[in-house]
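To keep things clear, I will list the structure first and then write my remarks on it.
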Amino acid sequence: MAYLRNCWYQAGWSSEIAGSGHLVRTIADVPVLMFRKTDGSLAALQDRCPHRFAPLSAGAVEGNIVRCGYHGLAFAGDGKCAANPHGPITSAMTVRSFPVVERHQAIWLWFGDADLADREKIPDLSFIDETPEAARIFISMPTAANYQLLSDNVLDLSHTDYLHPTTLGGVSVGAKRKAYSDGEAVVGEWLTLDCVPPPMYRSVVPSGNADVWMECRWNAPGVNVIGTSATPAGVARTPIDEMYTLHNMVPETATTSHYFVCSTRRLMTDDASFSASVKQALANTFSQEDKPMLEKQQQRMGTDDLWSLNPILLATDSAAVRARRKLDDLISAEQALT
Amino acid sequence: MAYLRNCWYQAGWSSEIAGSGHLVRTIADVPVLMFRKTDGSLAALQDRCPHRFAPLSAGAVEGNIVRCGYHGLAFAGDGKCAANPHGPITSAMTVRSFPVVERHQAIWLWFGDADLADREKIPDLSFIDETPEAARIFISMPTAANYQLLSDNVLDLSHTDYLHPTTLGGVSVGAKRKAYSDGEAVVGEWLTLDCVPPPMYRSVVPSGNADVWMECRWNAPGVNVIGTSATPAGVARTPIDEMYTLHNMVPETATTSHYFVCSTRRLMTDDASFSASVKQALANTFSQEDKPMLEKQQQRMGTDDLWSLNPILLATDSAAVRARRKLDDLISAEQALT
Amino acid sequence: MAYLRNCWYQAGWSSEIAGSGHLVRTIADVPVLMFRKTDGSLAALQDRCPHRFAPLSAGAVEGNIVRCGYHGLAFAGDGKCAANPHGPITSAMTVRSFPVVERHQAIWLWFGDADLADREKIPDLSFIDETPEAARIFISMPTAANYQLLSDNVLDLSHTDYLHPTTLGGVSVGAKRKAYSDGEAVVGEWLTLDCVPPPMYRSVVPSGNADVWMECRWNAPGVNVIGTSATPAGVARTPIDEMYTLHNMVPETATTSHYFVCSTRRLMTDDASFSASVKQALANTFSQEDKPMLEKQQQRMGTDDLWSLNPILLATDSAAVRARRKLDDLISAEQALT
């Protein structure tokens with residue numbers, strides 16, 4: 001399938017490549033080997049030797065180079081051949097390399113025109129950096145569904161009432177909804193005043209009714225940030241009440257995705273055991289409720305495109321449809337240029 | 001592949017949907033959710049929400065409706081939207097529904113023109129209803145082979161000599177064979193006089209030679225009824241000697257089938273323990289002898305059509321070939337109309 | 001994919017069909033049933049009955065015929081129908097048969113024009129026959145990679161330094177290399193004088209430096225014979241020093257292969273326990289080092305042809321590239337004739 005090329009795709013978390021370790025992940029159908037150079041920065045190479053197409057990851061990272069385990073060609077982080085034990089090095093001996101940066105605790109790859117790979121184009125996720133480490137929760141969940149279905153899921157938070165009734169749901173039906181574009185972002189907002197808050201919000205409003213705010217902010221290709229707050233009914237929320245969670249939906253293939261989550265909060269930020277219990281609750285919710293539904297949805301759709309199936313549209317789809325159309329436009333514009 | 005549309009396909013047994021239960025089966029490439037309404041009648045819906053294509057079966061049946069577990073749309077048995085928690089109901093909010101009837105202890109679905117869905121078009125299987133419950137044996141066997149291969153199998157009973165030598169076989173070679181059309185049915189008959197009966201017939205002719213009669217009556221698309229009798233040699237059979245067994249071959253996909261069996265008899269009809277032993281014997285024979293052969297046959301054929309492989313034809317193929325040609329004609333005629 | 005047709009493909013080892021046994025293997029996409037006739041010679045039939053396409057191997061070999069287990073048709077080793085229990089035998093009742101010979105302890109099949117099936121076209125592997133039985137080591141290894149990748153592997157022995165550093169490697173980099181055509185064969189040679197020999201060669205040169213010779217001789221479609229020797233530095237090798245090992249790479253499908261090995265030696269030829277330890281060492285090396293790399297290579301290549309991926313070529317590829325081009329030419333020439 002066609003992917004947006006000139007954008008950053010998250011390939012993992014910085015913590016996944018410690019010391020001289022390496023990481024292999026397929027992003028948008030491309031297997032990529034990422035490794036940390038001796039200066040601590042990352043390199044990202046197509047995980048396929050240009051000689052006989054063995055995976056470079058089946059060889060070894062040696063300082064700033066990776067050596068193919070089949071015939072010993074070595075490549076530097078820029079993809080140029082660093083050693084050919086069998087003869088001279090020529091300019092053809094190059095493996096594809098990708099711009100790679102670390103930002104907001106995550107690793108980001110760029111598959112398009114390298115000259116355009118500006119790290120400022122990564123959506124602002126500074127809420128992650130501003131959160132003390134003990135209050136950050138990282139989850140990675142491989143999901144056998146297209147990444148756009150995953151974004152649809154979080155852009156239509158009405159699903160929480162039906163898919164997560166015992167934890168996150170109960171207030172989306174009847175909420176005041178807004179869906180709008182904010183620059184390059186698409187935002188869906190859900191505000192419910194004076195309601196019985198969902199069970200998982202009882203930790204912040206232990207008794208009585210609450211005002212519950214939920215927002216999902218999407219940036220292409222699938223970077224979603226969900227903001228939520230619950231305050232006692234009638235009490236306006238302040239920044240400390242707002243919890244932000246990244247839901248980054250990254251295509252692995254047309255029908256499989258990497259679902260990267262980073263949950264943050266501004267309260268009880270030094271309580272690691274609270275973090276552990278929240279992590280468990282979120283991981284259970286995602287893996288036992290979202291993931292099975294998304295994978296069944298993909299199975300029922302097969303390889304058909306959403307629009308080709310002529311879906312009925314509900315009022316709650318506004319944000320998701322805006323995001324899909326925006327992404328379609330971006331991809332079309334990019335293809336028109338080439 | 002092309003299926004006959006204007007005909008009834010068995011989707012299961014009535015007993016499979018008790019009380020408020022439901023059943024999901026893929027028939028002719030269509031996943032169908034069947035559930036029992038409060039009046040006891042059945043509804044059958046495509047098992048795919050028209051909103052975001054989640055399986056409706058991942059939600060819940062609530063009385064006469066089924067509610068999608070993803071965003072809460074509810075649908076009545078006729079496919080019309082019964083509840084949209086997020087806004088008004090429109091006529092587009094409809095899921096495909098299918099005529100569904102119960103007859104002869106089985107559930108039948110109609111995928112073609114609903115106006116033509118006359119329950120009288122179900123082949124007459126009243127032998128099932130006439131059989132006391134203790135003497136009815138139901139077997140369902142998923143088989144990884146095309147449903148026409150399954151019909152071929154029972155329409156050419158010469159296979160019993162080779163595939164079932166220790167139970168049902170031994171008399172087909174040398175039998176007087178007939179193959180003919182009887183209205184819409186195709187019949188293959190095998191009559192062997194004064195023979196040593198197959199081992200499984202020894203319960204009705206314990207000693208001495210027997211006259212063995214076997215007949216397979218096919219109706220489109222794959223409804224086969226096998227009638228058999230064994231009587232002492234020279235003794236004409238009477239209706240009480242005839243045992244009838246449904247072998248209904250239903251396409252799940254092009255290369256997988258549902259094989260539904262209902263065995264009946266007119267002797268020892270209140271002997272449930274005899275039924276249990278017959279059920280075990282039949283289930284063993286089908287699952288250990290027919291099913292492996294049919295699945296290997298499918299593997300060797302791959303996705304090729306039988307005729308494209310230019311099979312050699314034997315005298316024993318007459319009924320099966322008649323049935324295949326009849327089905328081909330029916331499908332062609334149906335396609336010519338659309 | 002296109003295979004060379006007018007050539008012999010190894011289908012197994014003679015010892016795999018003892019007495020009245022049989023063997024089923026898919027070679028070049030064709031499932032073949034091989035069985036031993038009463039005179040001890042072999043027959044090879046397409047493993048698919050021409051009647052209803054059941055595998056003949058699901059039936060039974062009975063002396064010189066095989067009887068289909070579905071409807072009882074029997075076929076002789078030449079493919080002609082030997083028995084039809086249901087009527088007369090016609091000339092159409094024929095299953096495809098293949099020329100099959102045993103030579104050099106192996107079974108060979110011919111898929112092309114039977115008139116051209118001259119057993120003298122099997123590459124000379126008489127080193128196998130000349131080796132006492134106790135010194136012959138047979139290994140069969142199914143590998144999920146295209147057979148040409150397997151030939152590439154042995155035609156470029158520089159891989160031993162990287163893939164087998166603790167056993168066979170260490171001397172290929174810096175070796176004097178030659179690659180040339182020798183009649184219909186392609187040969188790659190690697191000669192390293194006055195070197196520390198690879199660990200597995202220490203059994204023949206226990207101390208001091210060695211002269212190590214390695215050669216891979218390829219014949220179409222994938223018959224490779226590797227010759228090796230290690231002698232004390234400066235001591236010329238004699239025939240007794242040379243060990244020859246067959247590495248026969250046989251296509252099963254486009255992406256899977258049968259890898260048949262027969263290792264021989266001229267020293268310690270009556271030492272069966274030494275053979276056992278060598279067999280274990282070779283089997284470990286192939287299954288834990290070559291096979292995983294070849295299968296990963298295939299995964300990275302997907303269904304793409306090697307040339308379409310535009311591989312970079314190294315000096316060490318000369319023999320493998322010559323062999324590939326020769327095979328391409330042979331296939332093209334064959335196709336031009338039909």
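Just so we're on the same page: first chain in the structure tokens is A, next is B, and so on; residues restart at 1 for each chain, and ligands are numbered from 1 in the order they show up.
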
Q) Taking only C-alpha atoms into account, what are the residues of chain C at most 6 Å from chain A, put as a list of chain:residue names? A) C:His159, C:Tyr162, C:Leu163, C:Gln297, C:Pro311, C:Ile312

**Q.** Those in range 101-281 of chain B with alpha helix (DSSP H) from DSSP, as a PyMOL selection string
**A.** chain B and resi 126-130+147-155+159-163+272-281

Q) With distances taken over only C-alpha atoms, which of A:Arg217, A:His164, A:Arg202, A:Lys80 is nearest to Pro123 in chain A? A) A:Arg217

Q: List the neighbours of Ala76 in chain A out to 10 Å using only C-alpha atoms; skip same-chain residues closer than 2 positions along the sequence, and give me the result as an NGL selection string.
A: :A and (37 or 43-45 or 61-67 or 74 or 78-83 or 94-95 or 97)

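Near Thr255 in chain B, within a cut-off of 7 Å and counting only C-alpha atoms, sit the residues Ala144, Ala145 and Asn146 of chain B, with same-chain residues fewer than 3 positions away left out.
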
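Counting only C-alpha atoms and comparing B:Leu150, B:Gly77, B:Ser308, B:Phe98, the residue that lies closest to Asp39 in chain B is B:Gly77.
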
Q) If you run DSSP on this backbone, which residues of range 47-217 of chain C come out as strand (DSSP E), and could you give them as JSON, numbers by chain? A) {"C": [60, 61, 62, 65, 66, 67, 74, 75, 76, 81, 82, 83, 100, 101, 102, 103, 106, 107, 108, 109, 110, 137, 138, 139, 140, 141, 142, 143, 176, 177, 178, 179, 180, 181, 182, 185, 186, 187, 188, 189, 190, 191, 192, 193, 194, 195, 210, 211, 212, 213, 214, 215, 216, 217]}

Please, could you write that set of residues out with C-alpha atoms as a short mmCIF file (atom, residue, chain, number, x, y, z; two decimals), in the first residue's frame?
```cif
data_model
loop_
_atom_site.label_atom_id
_atom_site.label_comp_id
_atom_site.auth_asym_id
_atom_site.auth_seq_id
_atom_site.Cartn_x
_atom_site.Cartn_y
_atom_site.Cartn_z
CA ALA C 60 -0.84 -48.81 -1.45
CA VAL C 61 2.07 -50.19 -3.42
CA GLU C 62 1.29 -53.79 -4.34
CA ILE C 65 1.69 -51.45 -9.14
CA VAL C 66 0.30 -48.74 -6.94
CA ARG C 67 -3.39 -48.79 -6.17
CA ALA C 74 -4.08 -49.28 -10.17
CA PHE C 75 -1.09 -48.07 -12.15
CA ALA C 76 2.10 -49.73 -13.26
CA CYS C 81 -3.48 -48.25 -15.82
CA ALA C 82 -3.06 -51.83 -14.59
CA ALA C 83 -6.51 -52.30 -13.11
CA VAL C 100 14.13 -42.63 -12.68
CA VAL C 101 17.55 -44.15 -12.14
CA GLU C 102 19.76 -44.96 -9.21
CA ARG C 103 23.34 -43.92 -9.46
CA ALA C 106 21.13 -41.53 -5.10
CA ILE C 107 17.75 -41.55 -6.83
CA TRP C 108 17.50 -39.32 -9.91
CA LEU C 109 14.42 -38.08 -11.75
CA TRP C 110 14.02 -36.60 -15.20
CA ILE C 137 28.11 -39.63 5.39
CA PHE C 138 24.62 -38.80 4.11
CA ILE C 139 22.68 -35.74 5.20
CA SER C 140 19.34 -34.44 3.92
CA MET C 141 18.28 -31.00 4.98
CA PRO C 142 15.02 -29.34 3.87
CA THR C 143 15.73 -25.63 3.54
CA LYS C 176 44.35 -17.45 -4.34
CA ARG C 177 41.01 -17.64 -6.09
CA LYS C 178 40.17 -19.04 -9.49
CA ALA C 179 36.80 -19.30 -11.18
CA TYR C 180 36.47 -20.98 -14.54
CA SER C 181 34.31 -23.16 -16.74
CA ASP C 182 35.43 -26.71 -17.29
CA ALA C 185 30.98 -27.49 -15.13
CA VAL C 186 31.78 -24.27 -13.34
CA VAL C 187 34.60 -24.37 -10.84
CA GLY C 188 35.62 -22.05 -8.04
CA GLU C 189 38.96 -22.73 -6.38
CA TRP C 190 40.52 -21.35 -3.20
CA LEU C 191 44.12 -22.07 -2.37
CA THR C 192 45.86 -20.80 0.75
CA LEU C 193 49.48 -21.61 1.37
CA ASP C 194 51.30 -21.71 4.68
CA CYS C 195 48.34 -20.77 6.85
CA ALA C 210 49.14 -25.99 6.31
CA ASP C 211 48.40 -25.56 2.66
CA VAL C 212 44.62 -25.60 2.31
CA TRP C 213 42.85 -26.26 -0.96
CA MET C 214 39.12 -25.90 -1.51
CA GLU C 215 37.21 -26.26 -4.72
CA CYS C 216 33.53 -26.25 -5.61
CA ARG C 217 32.57 -27.82 -8.91
#
```

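Summary of the local environment: counting only C-alpha atoms, residues at most 8 Å from Thr231 in chain B, other than itself and those fewer than 2 positions away along its chain, are Val204, Val205, Ala210, Asp211, Val212, Ser229, Ala233, Gly234, Val235, Ala236, Arg237 and Asp241 of chain B.
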
Could you turn the residues from that selection into a file that holds N, CA, C and O atoms, as a short mmCIF file (atom, residue, chain, number, x, y, z; two decimals), in the first residue's frame?
```
data_model
loop_
_atom_site.label_atom_id
_atom_site.label_comp_id
_atom_site.auth_asym_id
_atom_site.auth_seq_id
_atom_site.Cartn_x
_atom_site.Cartn_y
_atom_site.Cartn_z
N VAL B 204 -27.89 -55.99 10.74
CA VAL B 204 -29.25 -56.24 10.24
C VAL B 204 -29.39 -57.57 9.51
O VAL B 204 -30.50 -58.11 9.42
N VAL B 205 -28.29 -58.09 8.99
CA VAL B 205 -28.31 -59.44 8.42
C VAL B 205 -27.17 -60.21 9.08
O VAL B 205 -26.07 -60.33 8.54
N ALA B 210 -26.62 -61.45 1.68
CA ALA B 210 -27.60 -60.36 1.76
C ALA B 210 -27.79 -59.73 0.38
O ALA B 210 -26.95 -59.88 -0.52
N ASP B 211 -28.91 -59.05 0.23
CA ASP B 211 -29.08 -58.13 -0.89
C ASP B 211 -28.85 -56.73 -0.33
O ASP B 211 -29.49 -56.33 0.65
N VAL B 212 -27.90 -56.01 -0.92
CA VAL B 212 -27.54 -54.68 -0.39
C VAL B 212 -27.90 -53.62 -1.41
O VAL B 212 -27.52 -53.71 -2.58
N SER B 229 -30.07 -50.32 2.43
CA SER B 229 -30.74 -51.42 3.12
C SER B 229 -29.94 -52.68 2.89
O SER B 229 -29.22 -52.81 1.89
N ALA B 233 -30.59 -62.43 1.51
CA ALA B 233 -30.60 -62.61 0.05
C ALA B 233 -31.94 -63.15 -0.39
O ALA B 233 -32.45 -64.12 0.17
N GLY B 234 -32.54 -62.49 -1.37
CA GLY B 234 -33.81 -62.94 -1.90
C GLY B 234 -35.03 -62.34 -1.22
O GLY B 234 -36.14 -62.47 -1.72
N VAL B 235 -34.83 -61.68 -0.12
CA VAL B 235 -35.95 -61.05 0.60
C VAL B 235 -36.05 -59.59 0.19
O VAL B 235 -35.09 -58.83 0.36
N ALA B 236 -37.20 -59.23 -0.38
CA ALA B 236 -37.35 -57.85 -0.86
C ALA B 236 -37.35 -56.87 0.32
O ALA B 236 -37.87 -57.18 1.39
N ARG B 237 -36.75 -55.74 0.10
CA ARG B 237 -36.71 -54.74 1.18
C ARG B 237 -38.07 -54.07 1.30
O ARG B 237 -38.80 -53.91 0.30
N ASP B 241 -36.81 -51.37 6.27
CA ASP B 241 -35.41 -51.76 6.10
C ASP B 241 -34.52 -50.61 5.65
O ASP B 241 -33.30 -50.69 5.72
#
```

(Q) I want to know what sits within 12 Å of Ser151 in chain A, based on only C-alpha atoms, with residues of the same chain fewer than 3 positions away left out; could you give that as a VMD selection string? (A) chain A and resid 145 to 148 154 to 157 186 to 188 216 to 226 246 to 251 257 to 260 290 294 317 319 to 324 327

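Atom pair CA of Thr167 in chain A / CA of Ala283 in chain A has a distance of 12.2 Å (rounded to one decimal).
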
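Residues in contact with Thr166 in chain C at up to 9 Å, not including ones fewer than 5 positions away on its chain and judged by only C-alpha atoms, are Asp161, Pro198, Pro199 and Met200 of chain C.
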
Saved selection, atoms kept: N, CA, C and O atoms, as a short mmCIF file (atom, residue, chain, number, x, y, z; two decimals), in the first residue's frame:
```
data_model
loop_
_atom_site.label_atom_id
_atom_site.label_comp_id
_atom_site.auth_asym_id
_atom_site.auth_seq_id
_atom_site.Cartn_x
_atom_site.Cartn_y
_atom_site.Cartn_z
N ASP C 161 34.57 -18.10 6.27
CA ASP C 161 35.27 -17.28 7.27
C ASP C 161 34.29 -16.57 8.21
O ASP C 161 34.61 -16.31 9.38
N PRO C 198 41.91 -24.09 9.25
CA PRO C 198 40.64 -24.02 10.00
C PRO C 198 40.58 -25.15 11.02
O PRO C 198 41.15 -26.23 10.79
N PRO C 199 39.87 -24.94 12.13
CA PRO C 199 39.84 -25.94 13.20
C PRO C 199 39.50 -27.35 12.74
O PRO C 199 40.13 -28.32 13.18
N MET C 200 38.53 -27.49 11.81
CA MET C 200 38.15 -28.85 11.42
C MET C 200 39.23 -29.55 10.60
O MET C 200 39.15 -30.76 10.38
#
```
